[in-house]
>>> print(open('coords07.cif').read())   # mmCIF, C-alpha atoms
data_work
loop_
_atom_site.label_atom_id
_atom_site.label_comp_id
_atom_site.auth_asym_id
_atom_site.auth_seq_id
_atom_site.Cartn_x
_atom_site.Cartn_y
_atom_site.Cartn_z
CA MET A 1 0.00 0.00 0.00
CA ALA A 2 1.10 3.57 -0.54
CA LEU A 3 -0.11 7.11 0.04
CA VAL A 4 0.74 9.77 -2.47
CA VAL A 5 1.85 13.07 -0.94
CA ASN A 6 2.84 15.92 -3.27
CA GLY A 7 3.37 13.38 -6.03
CA THR A 8 5.66 11.18 -3.93
CA PRO A 9 4.50 7.65 -2.97
CA ILE A 10 4.81 6.96 0.76
CA GLU A 11 4.73 3.28 1.77
CA VAL A 12 2.33 2.26 4.54
CA ASP A 13 1.48 -1.15 6.00
CA ASP A 14 -1.87 -2.99 5.78
CA GLU A 15 -3.27 -0.94 8.65
CA GLY A 16 -2.04 2.39 7.30
CA TYR A 17 1.02 2.90 9.56
CA LEU A 18 4.15 4.30 7.92
CA VAL A 19 6.66 1.60 6.97
CA SER A 20 9.58 4.01 7.31
CA LEU A 21 9.23 6.50 10.16
CA SER A 22 11.59 8.92 8.39
CA ASP A 23 8.97 9.39 5.65
CA TRP A 24 6.87 11.46 8.05
CA SER A 25 6.21 15.14 7.44
CA GLU A 26 3.33 17.43 8.28
CA ALA A 27 2.02 16.92 4.76
CA VAL A 28 2.14 13.14 5.27
CA ALA A 29 0.28 13.56 8.56
CA GLU A 30 -2.41 15.58 6.78
CA GLU A 31 -2.78 12.83 4.18
CA ILE A 32 -3.00 10.01 6.76
CA ALA A 33 -5.54 12.06 8.70
CA ARG A 34 -7.58 12.60 5.54
CA THR A 35 -7.77 8.83 4.89
CA GLU A 36 -8.97 8.46 8.51
CA GLN A 37 -11.57 11.25 8.08
CA VAL A 38 -9.89 13.44 10.69
CA GLU A 39 -9.41 17.12 9.99
CA LEU A 40 -6.31 18.30 11.83
CA SER A 41 -6.77 21.35 14.06
CA GLU A 42 -4.23 23.09 16.30
CA GLU A 43 -5.44 20.88 19.13
CA HIS A 44 -4.65 17.79 17.08
CA TRP A 45 -1.17 19.09 16.29
CA ALA A 46 -0.42 19.76 19.96
CA VAL A 47 -1.26 16.13 20.76
CA ILE A 48 0.69 14.84 17.75
CA ASN A 49 3.75 16.70 19.03
CA VAL A 50 3.29 15.12 22.46
CA ILE A 51 3.10 11.58 21.11
CA ARG A 52 6.12 12.18 18.85
CA ASP A 53 8.08 13.49 21.86
CA PHE A 54 7.02 10.39 23.83
CA TYR A 55 8.36 8.17 21.06
CA GLN A 56 11.61 10.14 20.91
CA THR A 57 12.16 9.78 24.66
CA PHE A 58 10.88 6.28 25.37
CA GLU A 59 11.41 4.60 21.98
CA HIS A 60 7.94 3.15 21.73
CA ALA A 61 4.46 4.39 20.90
CA PRO A 62 2.42 4.68 24.11
CA ALA A 63 -0.62 2.67 25.10
CA MET A 64 -3.68 4.70 26.10
CA ARG A 65 -2.84 5.15 29.77
CA PRO A 66 0.66 6.62 29.39
CA PHE A 67 -0.58 8.58 26.37
CA VAL A 68 -3.22 10.29 28.52
CA LYS A 69 -0.62 10.93 31.20
CA ALA A 70 1.90 12.40 28.73
CA VAL A 71 -0.74 14.72 27.22
CA GLY A 72 -1.75 15.84 30.71
CA GLN A 73 1.85 16.59 31.65
CA ALA A 74 2.56 18.51 28.44
CA LEU A 75 -0.70 20.31 27.73
CA GLY A 76 -2.40 20.56 31.10
CA ALA A 77 -4.62 18.38 33.24
CA ASP A 78 -7.79 19.47 31.40
CA LYS A 79 -6.43 17.82 28.25
CA GLY A 80 -4.94 14.77 29.94
CA LYS A 81 -8.24 12.95 29.78
CA SER A 82 -9.44 10.02 27.66
CA ILE A 83 -12.59 11.89 26.67
CA TYR A 84 -10.58 14.80 25.25
CA LEU A 85 -8.42 12.45 23.19
CA MET A 86 -11.45 10.41 22.10
CA LYS A 87 -12.96 13.56 20.64
CA LEU A 88 -9.82 14.41 18.68
CA PHE A 89 -8.87 10.87 17.67
CA PRO A 90 -12.05 8.77 17.74
CA ASP A 91 -12.37 5.06 18.60
CA SER A 92 -8.80 4.30 19.61
CA PRO A 93 -6.88 7.52 20.29
CA ALA A 94 -3.49 5.93 21.04
CA LYS A 95 -3.55 3.98 17.77
CA LEU A 96 -4.96 6.74 15.59
CA ALA A 97 -2.70 9.48 16.98
CA ALA A 98 0.34 7.19 16.55
CA LYS A 99 -0.67 6.51 12.96
CA ILE A 100 -1.08 10.18 12.08
CA ALA A 101 2.14 11.03 13.94
CA GLY A 102 4.01 8.52 11.77
CA LEU A 103 4.79 6.13 14.63
CA PRO A 104 4.47 2.33 14.79
CA LYS A 105 1.28 0.83 16.15
CA PRO A 106 1.37 0.78 19.98
CA THR A 107 2.21 -2.80 20.95
CA ASN A 108 0.69 -2.81 24.41
CA CYS A 109 -2.56 -1.21 23.35
CA LEU A 110 -5.23 -3.79 24.02
CA MET B 1 3.63 -19.35 50.98
CA ALA B 2 5.11 -20.41 47.69
CA LEU B 3 6.09 -23.48 45.74
CA HIS B 4 9.51 -22.88 44.20
CA THR B 5 10.59 -25.00 41.25
CA LEU B 6 14.21 -25.28 40.18
CA ASN B 7 15.19 -26.90 36.88
CA GLN B 8 18.90 -26.07 36.77
CA PRO B 9 21.72 -28.47 37.78
CA PRO B 10 23.89 -27.63 40.81
CA GLY B 11 26.61 -26.56 38.36
CA ASN B 12 24.49 -23.48 37.73
CA THR B 13 25.37 -22.19 41.18
CA GLN B 14 23.90 -18.74 40.55
CA CYS B 15 20.44 -20.15 39.91
CA LEU B 16 20.62 -22.60 42.81
CA GLU B 17 21.83 -19.93 45.24
CA ARG B 18 19.21 -17.45 44.02
CA CYS B 19 16.51 -20.01 44.61
CA LEU B 20 17.77 -21.08 48.05
CA ASN B 21 18.09 -17.46 49.18
CA ALA B 22 14.49 -16.77 48.16
CA LEU B 23 12.95 -19.51 50.34
CA SER B 24 10.86 -18.54 53.36
CA ASP B 25 9.35 -20.55 56.21
CA GLY B 26 6.44 -22.62 54.96
CA ASP B 27 7.60 -22.67 51.35
CA ALA B 28 8.14 -25.86 49.36
CA LEU B 29 11.01 -26.49 46.95
CA LEU B 30 10.52 -28.97 44.12
CA LEU B 31 13.52 -29.97 42.00
CA ILE B 32 12.60 -30.79 38.41
CA GLU B 33 14.48 -31.64 35.20
CA ASP B 34 18.26 -31.15 35.74
CA GLY B 35 17.44 -29.65 39.14
CA VAL B 36 17.12 -33.19 40.54
CA LEU B 37 20.91 -33.59 40.26
CA ALA B 38 21.13 -31.51 43.44
CA THR B 39 19.49 -34.37 45.39
CA LEU B 40 22.82 -36.24 45.47
CA PRO B 41 24.27 -36.49 49.01
CA ALA B 42 27.39 -34.64 47.80
CA HIS B 43 25.24 -31.54 47.38
CA ALA B 44 23.23 -32.01 50.57
CA SER B 45 25.21 -29.39 52.49
CA ARG B 46 23.91 -26.71 50.14
CA PHE B 47 20.48 -27.21 51.66
CA ASP B 48 21.67 -26.97 55.29
CA ALA B 49 21.31 -23.22 55.50
CA ILE B 50 17.71 -22.95 54.32
CA ALA B 51 14.82 -22.53 56.72
CA ALA B 52 13.96 -25.65 58.70
CA ASN B 53 10.32 -25.23 57.70
CA VAL B 54 10.97 -25.50 53.99
CA SER B 55 9.96 -28.89 52.61
CA LEU B 56 12.06 -30.46 49.87
CA PHE B 57 10.74 -32.48 46.95
CA ALA B 58 12.06 -33.98 43.73
CA LEU B 59 10.11 -35.12 40.70
CA GLN B 60 10.09 -38.88 40.28
CA ALA B 61 10.25 -39.09 36.49
CA ASP B 62 13.29 -36.81 36.38
CA LEU B 63 15.05 -38.79 39.14
CA ASP B 64 14.27 -42.08 37.39
CA ALA B 65 15.43 -40.78 34.02
CA ARG B 66 18.82 -39.95 35.46
CA GLY B 67 19.24 -43.06 37.61
CA LEU B 68 19.12 -40.99 40.79
CA ASN B 69 16.16 -42.57 42.57
CA VAL B 70 18.40 -44.84 44.68
CA LEU B 71 21.17 -42.29 45.12
CA LYS B 72 19.23 -39.27 46.30
CA ASP B 73 19.59 -37.76 49.75
CA ALA B 74 16.91 -38.88 52.22
CA ARG B 75 15.58 -35.43 52.97
CA PHE B 76 13.97 -35.12 49.53
CA THR B 77 10.45 -36.46 49.23
CA VAL B 78 9.71 -38.00 45.85
CA VAL B 79 6.53 -36.85 44.09
CA ASP B 80 4.97 -37.79 40.76
CA ASP B 81 3.20 -35.37 38.40
CA GLY B 82 0.02 -35.57 40.50
CA GLY B 83 2.10 -34.65 43.55
CA PHE B 84 3.50 -31.67 41.63
CA VAL B 85 -0.05 -30.47 41.00
CA ASP B 86 -0.98 -31.00 44.64
CA LEU B 87 2.00 -28.92 45.79
CA ALA B 88 1.09 -26.13 43.39
CA CYS B 89 -2.48 -26.13 44.73
CA GLU B 90 -1.42 -26.20 48.39
CA GLN B 91 0.76 -23.12 48.01
CA ASP B 92 -0.70 -19.77 47.03
CA LYS B 93 1.83 -19.04 44.28
CA VAL B 94 4.49 -20.74 42.20
CA VAL B 95 7.93 -19.24 41.65
CA SER B 96 9.91 -20.74 38.81
CA TRP B 97 13.72 -20.63 38.92
CA TYR B 98 15.32 -21.54 35.60
CA MET C 1 -8.53 -1.83 42.75
CA SER C 2 -8.23 -4.12 45.75
CA ASP C 3 -9.29 -7.17 43.73
CA LYS C 4 -6.33 -6.76 41.41
CA LYS C 5 -3.49 -9.18 41.94
CA LYS C 6 -0.12 -7.78 42.93
CA VAL C 7 2.51 -8.95 40.49
CA LEU C 8 6.23 -9.28 41.20
CA ILE C 9 8.43 -9.64 38.13
CA ILE C 10 11.94 -10.95 38.80
CA ASN C 11 14.51 -10.14 36.12
CA ARG C 12 17.62 -12.33 36.25
CA ARG C 13 18.97 -12.13 32.70
CA ALA C 14 21.27 -9.60 31.09
CA PRO C 15 19.69 -7.36 28.45
CA TYR C 16 20.10 -7.81 24.66
CA GLY C 17 21.73 -11.29 24.56
CA ARG C 18 18.36 -12.98 24.96
CA SER C 19 14.78 -11.81 24.78
CA ASN C 20 14.01 -12.24 28.51
CA ALA C 21 14.42 -8.55 29.39
CA ARG C 22 12.27 -7.45 26.47
CA ASP C 23 9.60 -10.08 27.22
CA SER C 24 9.55 -9.05 30.87
CA LEU C 25 9.06 -5.41 29.97
CA ASP C 26 6.21 -6.32 27.62
CA VAL C 27 4.49 -8.17 30.46
CA ALA C 28 5.08 -5.28 32.88
CA LEU C 29 3.67 -2.67 30.49
CA THR C 30 0.70 -4.87 29.66
CA CYS C 31 -0.05 -5.36 33.37
CA GLY C 32 0.31 -1.58 33.69
CA VAL C 33 -2.34 -1.05 31.03
CA PHE C 34 -4.70 -3.13 33.21
CA GLU C 35 -3.75 -1.00 36.23
CA MET C 36 -2.40 -3.99 38.13
CA PRO C 37 0.05 -3.18 40.94
CA ILE C 38 3.48 -4.25 39.72
CA SER C 39 6.91 -4.48 41.29
CA LEU C 40 10.11 -5.24 39.42
CA LEU C 41 13.10 -6.93 41.04
CA PHE C 42 16.45 -7.05 39.23
CA ALA C 43 18.88 -9.73 40.40
CA ASP C 44 21.87 -11.73 39.12
CA ASP C 45 22.72 -10.67 35.54
CA GLY C 46 19.41 -8.77 35.45
CA VAL C 47 21.09 -5.84 37.24
CA PHE C 48 22.71 -4.93 33.91
CA GLN C 49 19.27 -3.93 32.64
CA LEU C 50 19.46 -0.94 34.99
CA LEU C 51 22.96 0.22 34.10
CA GLY C 52 22.94 3.73 32.63
CA GLY C 53 24.08 4.75 29.17
CA HIS C 54 22.73 1.99 26.92
CA GLN C 55 23.45 2.64 23.20
CA ALA C 56 21.93 -0.38 21.48
CA LYS C 57 21.48 1.00 17.98
CA ASP C 58 24.62 -0.59 16.54
CA ILE C 59 23.49 -4.06 17.63
CA GLY C 60 20.16 -3.44 15.93
CA GLN C 61 18.09 -3.28 19.10
CA LYS C 62 16.04 -0.70 20.91
CA ASN C 63 17.50 0.90 24.02
CA LEU C 64 16.08 -0.97 26.99
CA SER C 65 16.96 2.07 29.15
CA ALA C 66 14.61 4.28 27.14
CA ASN C 67 11.79 1.77 27.53
CA LEU C 68 12.41 1.32 31.26
CA ALA C 69 12.37 5.10 31.63
CA ALA C 70 8.72 4.96 30.53
CA LEU C 71 7.69 2.80 33.51
CA PRO C 72 6.54 5.81 35.59
CA MET C 73 4.23 6.75 32.70
CA TYR C 74 2.55 3.38 33.26
CA ASP C 75 2.46 4.09 37.03
CA ILE C 76 5.09 1.43 37.66
CA ASP C 77 7.45 2.86 40.26
CA GLN C 78 8.28 -0.07 42.53
CA LEU C 79 11.78 -1.06 41.35
CA PHE C 80 14.16 -3.15 43.44
CA VAL C 81 17.71 -4.37 42.89
CA CYS C 82 19.52 -7.17 44.68
CA GLU C 83 22.43 -5.94 46.77
CA SER C 84 24.52 -9.11 46.52
CA SER C 85 24.14 -9.16 42.72
CA LEU C 86 25.48 -5.61 42.56
CA ASN C 87 28.42 -6.70 44.71
CA THR C 88 29.06 -9.72 42.47
CA HIS C 89 29.44 -7.44 39.48
CA GLY C 90 31.28 -4.67 41.32
CA LEU C 91 28.49 -2.21 40.63
CA ALA C 92 27.19 0.56 42.88
CA SER C 93 23.59 1.70 42.97
CA ASP C 94 24.60 5.21 41.84
CA GLN C 95 25.65 3.70 38.49
CA LEU C 96 22.08 2.59 37.87
CA ASP C 97 19.21 4.44 36.21
CA HIS C 98 15.57 4.43 37.33
CA ASN C 99 16.22 4.77 41.11
CA PRO C 100 15.75 1.20 42.29
CA THR C 101 15.59 0.38 46.00
CA VAL C 102 18.53 -1.83 47.05
CA VAL C 103 17.34 -5.00 48.82
CA ASP C 104 19.02 -7.92 50.60
CA HIS C 105 17.95 -11.59 50.61
CA ASN C 106 15.50 -11.11 53.49
CA ALA C 107 13.81 -8.23 51.71
CA ILE C 108 13.57 -10.37 48.56
CA GLN C 109 11.85 -13.13 50.56
CA GLN C 110 9.38 -10.54 51.82
CA LEU C 111 8.78 -9.26 48.29
CA ILE C 112 7.87 -12.79 47.17
CA GLN C 113 5.60 -13.21 50.19
CA SER C 114 3.79 -9.92 49.73
CA HIS C 115 2.86 -10.39 46.05
CA ASP C 116 0.10 -12.62 44.70
CA VAL C 117 1.86 -13.63 41.51
CA VAL C 118 5.60 -14.02 40.91
CA LEU C 119 6.94 -14.18 37.36
CA THR C 120 10.62 -14.85 36.61
CA PHE C 121 12.42 -13.79 33.45
#
>>> encode(input="coords07.cif", output="structure tokens")
Amino acid sequence: MALVVNGTPIEVDDEGYLVSLSDWSEAVAEEIARTEQVELSEEHWAVINVIRDFYQTFEHAPAMRPFVKAVGQALGADKGKSIYLMKLFPDSPAKLAAKIAGLPKPTNCL
Amino acid sequence: MALHTLNQPPGNTQCLERCLNALSDGDALLLIEDGVLATLPAHASRFDAIAANVSLFALQADLDARGLNVLKDARFTVVDDGGFVDLACEQDKVVSWY
Amino acid sequence: MSDKKKVLIINRRAPYGRSNARDSLDVALTCGVFEMPISLLFADDGVFQLLGGHQAKDIGQKNLSANLAALPMYDIDQLFVCESSLNTHGLASDQLDHNPTVVDHNAIQQLIQSHDVVLTF
């Protein structure tokens, strides 16, 4: 499978996660979000930055619980809530945010 | 109280020592697989220091397989697979040393 | 919360050479997702998992240190290290990351007694 961003094919796996994390750019994020029917707002971007920082620091994509905690620490307690993340990234926020942020699928996300 | 199982031979001193140091009063120790080699009288002194209230067992099939059933030290009680299950049920947890 | 079993995970293997350390961490993080109370004990060669300054990229593995650093994010903060194992390897607790509590054999016996489930890796 591949996305096409600005004329360049970007390889993704069967579930839509980037095969090569270095392919990620904001334009790629916009395209992944579009295929997931998510329109990225500033609030989305703030969370995407948090999950990318988490990956940088801890070398894995977070499950829901640490994801909520990391968002709360970075953006404030009012945003460190499942309900807030569910609104931005419906169904499975940790998985969807990781996908749009160009990270691997969270392995401990059950 | 816990059932501890040990499957390493006495030559793996680190594993044996780790296991022996983890035993508390009321625990049971069951030697399985190569662990049964430690039932030989030559190794008996290793078990002197452990709590008096720790009961010692060895698995019959593993003793038999290695020709140790007649050589083993008397303080080890021989159990079969059913006895293994009984020990696991009597204790509230199982700790596996390997 | 009180019905959740307390899990003690004992790590006795060095990192990277085998998968034990990685498997153990997977179990710990998964238990963390279910909000189970978890303690980690590092003993024997397992103490090397806590040593600071891992750079595992050139052996094609992820840094275990970076993953262990995430434990507080999963609310796992009960880390213990065996004193005699540190002595065996000539290591001091200030060379370790993640602030483990140093424990002797008696304290290890008590850890085993006070947890409902004990897993060894």
>>> resolve_selection(input="coords07.cif", expression="the PyMOL selection byres ((chain A and resi 84) around 12)", output="list in words")
Glu43, His44, Val47, Phe67, Val68, Val71, Gly72, Leu75, Gly76, Ala77, Asp78, Lys79, Gly80, Lys81, Ser82, Ile83, Leu85, Met86, Lys87, Leu88, Phe89, Pro90, Asp91 and Pro93 of chain A
>>> write_last_selection(input="coords07.cif", atoms="C-alpha atoms", output="mmCIF file, in the frame of the given file")
data_model
loop_
_atom_site.group_PDB
_atom_site.id
_atom_site.type_symbol
_atom_site.label_atom_id
_atom_site.label_comp_id
_atom_site.auth_asym_id
_atom_site.auth_seq_id
_atom_site.Cartn_x
_atom_site.Cartn_y
_atom_site.Cartn_z
ATOM 1 C CA GLU A 43 -5.440 20.880 19.130
ATOM 2 C CA HIS A 44 -4.650 17.790 17.080
ATOM 3 C CA VAL A 47 -1.260 16.130 20.760
ATOM 4 C CA PHE A 67 -0.580 8.580 26.370
ATOM 5 C CA VAL A 68 -3.220 10.290 28.520
ATOM 6 C CA VAL A 71 -0.740 14.720 27.220
ATOM 7 C CA GLY A 72 -1.750 15.840 30.710
ATOM 8 C CA LEU A 75 -0.700 20.310 27.730
ATOM 9 C CA GLY A 76 -2.400 20.560 31.100
ATOM 10 C CA ALA A 77 -4.620 18.380 33.240
ATOM 11 C CA ASP A 78 -7.790 19.470 31.400
ATOM 12 C CA LYS A 79 -6.430 17.820 28.250
ATOM 13 C CA GLY A 80 -4.940 14.770 29.940
ATOM 14 C CA LYS A 81 -8.240 12.950 29.780
ATOM 15 C CA SER A 82 -9.440 10.020 27.660
ATOM 16 C CA ILE A 83 -12.590 11.890 26.670
ATOM 17 C CA LEU A 85 -8.420 12.450 23.190
ATOM 18 C CA MET A 86 -11.450 10.410 22.100
ATOM 19 C CA LYS A 87 -12.960 13.560 20.640
ATOM 20 C CA LEU A 88 -9.820 14.410 18.680
ATOM 21 C CA PHE A 89 -8.870 10.870 17.670
ATOM 22 C CA PRO A 90 -12.050 8.770 17.740
ATOM 23 C CA ASP A 91 -12.370 5.060 18.600
ATOM 24 C CA PRO A 93 -6.880 7.520 20.290
#
>>> closest_atom_pairs(input="coords07.cif", of="chain C", to="chain B", cutoff="7 Å", atoms="only C-alpha atoms", output="CSV")
residue,atom,partner,partner_atom,distance
C:His105,CA,B:Asn21,CA,6.0
C:Ile108,CA,B:Ala22,CA,6.5
C:Gln109,CA,B:Ala22,CA,5.1
C:Gln113,CA,B:Met1,CA,6.5
C:Asp116,CA,B:Lys93,CA,6.7
C:Val117,CA,B:Lys93,CA,6.1
C:Val118,CA,B:Val95,CA,5.8
C:Leu119,CA,B:Val95,CA,6.7
C:Thr120,CA,B:Ser96,CA,6.3
>>> residues_near_point(input="coords07.cif", point="(23.2, 2.7, 36.0)", cutoff="10 Å", atoms="only C-alpha atoms", output="short mmCIF file (atom, residue, chain, number, x, y, z; two decimals) with C-alpha atoms, in the coordinates of the input")
data_model
loop_
_atom_site.label_atom_id
_atom_site.label_comp_id
_atom_site.auth_asym_id
_atom_site.auth_seq_id
_atom_site.Cartn_x
_atom_site.Cartn_y
_atom_site.Cartn_z
CA VAL C 47 21.09 -5.84 37.24
CA PHE C 48 22.71 -4.93 33.91
CA GLN C 49 19.27 -3.93 32.64
CA LEU C 50 19.46 -0.94 34.99
CA LEU C 51 22.96 0.22 34.10
CA GLY C 52 22.94 3.73 32.63
CA GLY C 53 24.08 4.75 29.17
CA HIS C 54 22.73 1.99 26.92
CA SER C 65 16.96 2.07 29.15
CA LEU C 91 28.49 -2.21 40.63
CA ALA C 92 27.19 0.56 42.88
CA SER C 93 23.59 1.70 42.97
CA ASP C 94 24.60 5.21 41.84
CA GLN C 95 25.65 3.70 38.49
CA LEU C 96 22.08 2.59 37.87
CA ASP C 97 19.21 4.44 36.21
CA HIS C 98 15.57 4.43 37.33
CA ASN C 99 16.22 4.77 41.11
CA PRO C 100 15.75 1.20 42.29
#
>>> atom_distance(input="coords07.cif", atom1="atom CA of Ala43 of chain C", atom2="atom CA of Ala51 of chain B")
21.1 Å
>>> residues_around(input="coords07.cif", residues="Gly83 of chain B", least_positions_apart="5", cutoff="12 Å", atoms="all atoms listed in the file", output="number ranges by chain")
B: 30, 57-61, 77-78, 88-90
>>> atom_distance(input="coords07.cif", atom1="atom CA of Asp77 of chain C", atom2="atom CA of Leu8 of chain C")
12.2 Å
>>> residues_around(input="coords07.cif", residues="Thr35 of chain A", least_positions_apart="6", cutoff="10 Å", atoms="all atoms listed in the file", output="list in words")
Leu3, Gly16 and Ile100 of chain A
>>> atom_distance(input="coords07.cif", atom1="atom CA of Asn7 of chain B", atom2="atom CA of Ala52 of chain B")
21.9 Å
>>> decode(input="coords07.cif", residues="segment 22-47 of chain B", atoms="C-alpha atoms", output="short mmCIF file (atom, residue, chain, number, x, y, z; two decimals), in the first residue's frame")
data_model
loop_
_atom_site.label_atom_id
_atom_site.label_comp_id
_atom_site.auth_asym_id
_atom_site.auth_seq_id
_atom_site.Cartn_x
_atom_site.Cartn_y
_atom_site.Cartn_z
CA ALA B 22 14.49 -16.77 48.16
CA LEU B 23 12.95 -19.51 50.34
CA SER B 24 10.86 -18.54 53.36
CA ASP B 25 9.35 -20.55 56.21
CA GLY B 26 6.44 -22.62 54.96
CA ASP B 27 7.60 -22.67 51.35
CA ALA B 28 8.14 -25.86 49.36
CA LEU B 29 11.01 -26.49 46.95
CA LEU B 30 10.52 -28.97 44.12
CA LEU B 31 13.52 -29.97 42.00
CA ILE B 32 12.60 -30.79 38.41
CA GLU B 33 14.48 -31.64 35.20
CA ASP B 34 18.26 -31.15 35.74
CA GLY B 35 17.44 -29.65 39.14
CA VAL B 36 17.12 -33.19 40.54
CA LEU B 37 20.91 -33.59 40.26
CA ALA B 38 21.13 -31.51 43.44
CA THR B 39 19.49 -34.37 45.39
CA LEU B 40 22.82 -36.24 45.47
CA PRO B 41 24.27 -36.49 49.01
CA ALA B 42 27.39 -34.64 47.80
CA HIS B 43 25.24 -31.54 47.38
CA ALA B 44 23.23 -32.01 50.57
CA SER B 45 25.21 -29.39 52.49
CA ARG B 46 23.91 -26.71 50.14
CA PHE B 47 20.48 -27.21 51.66
#
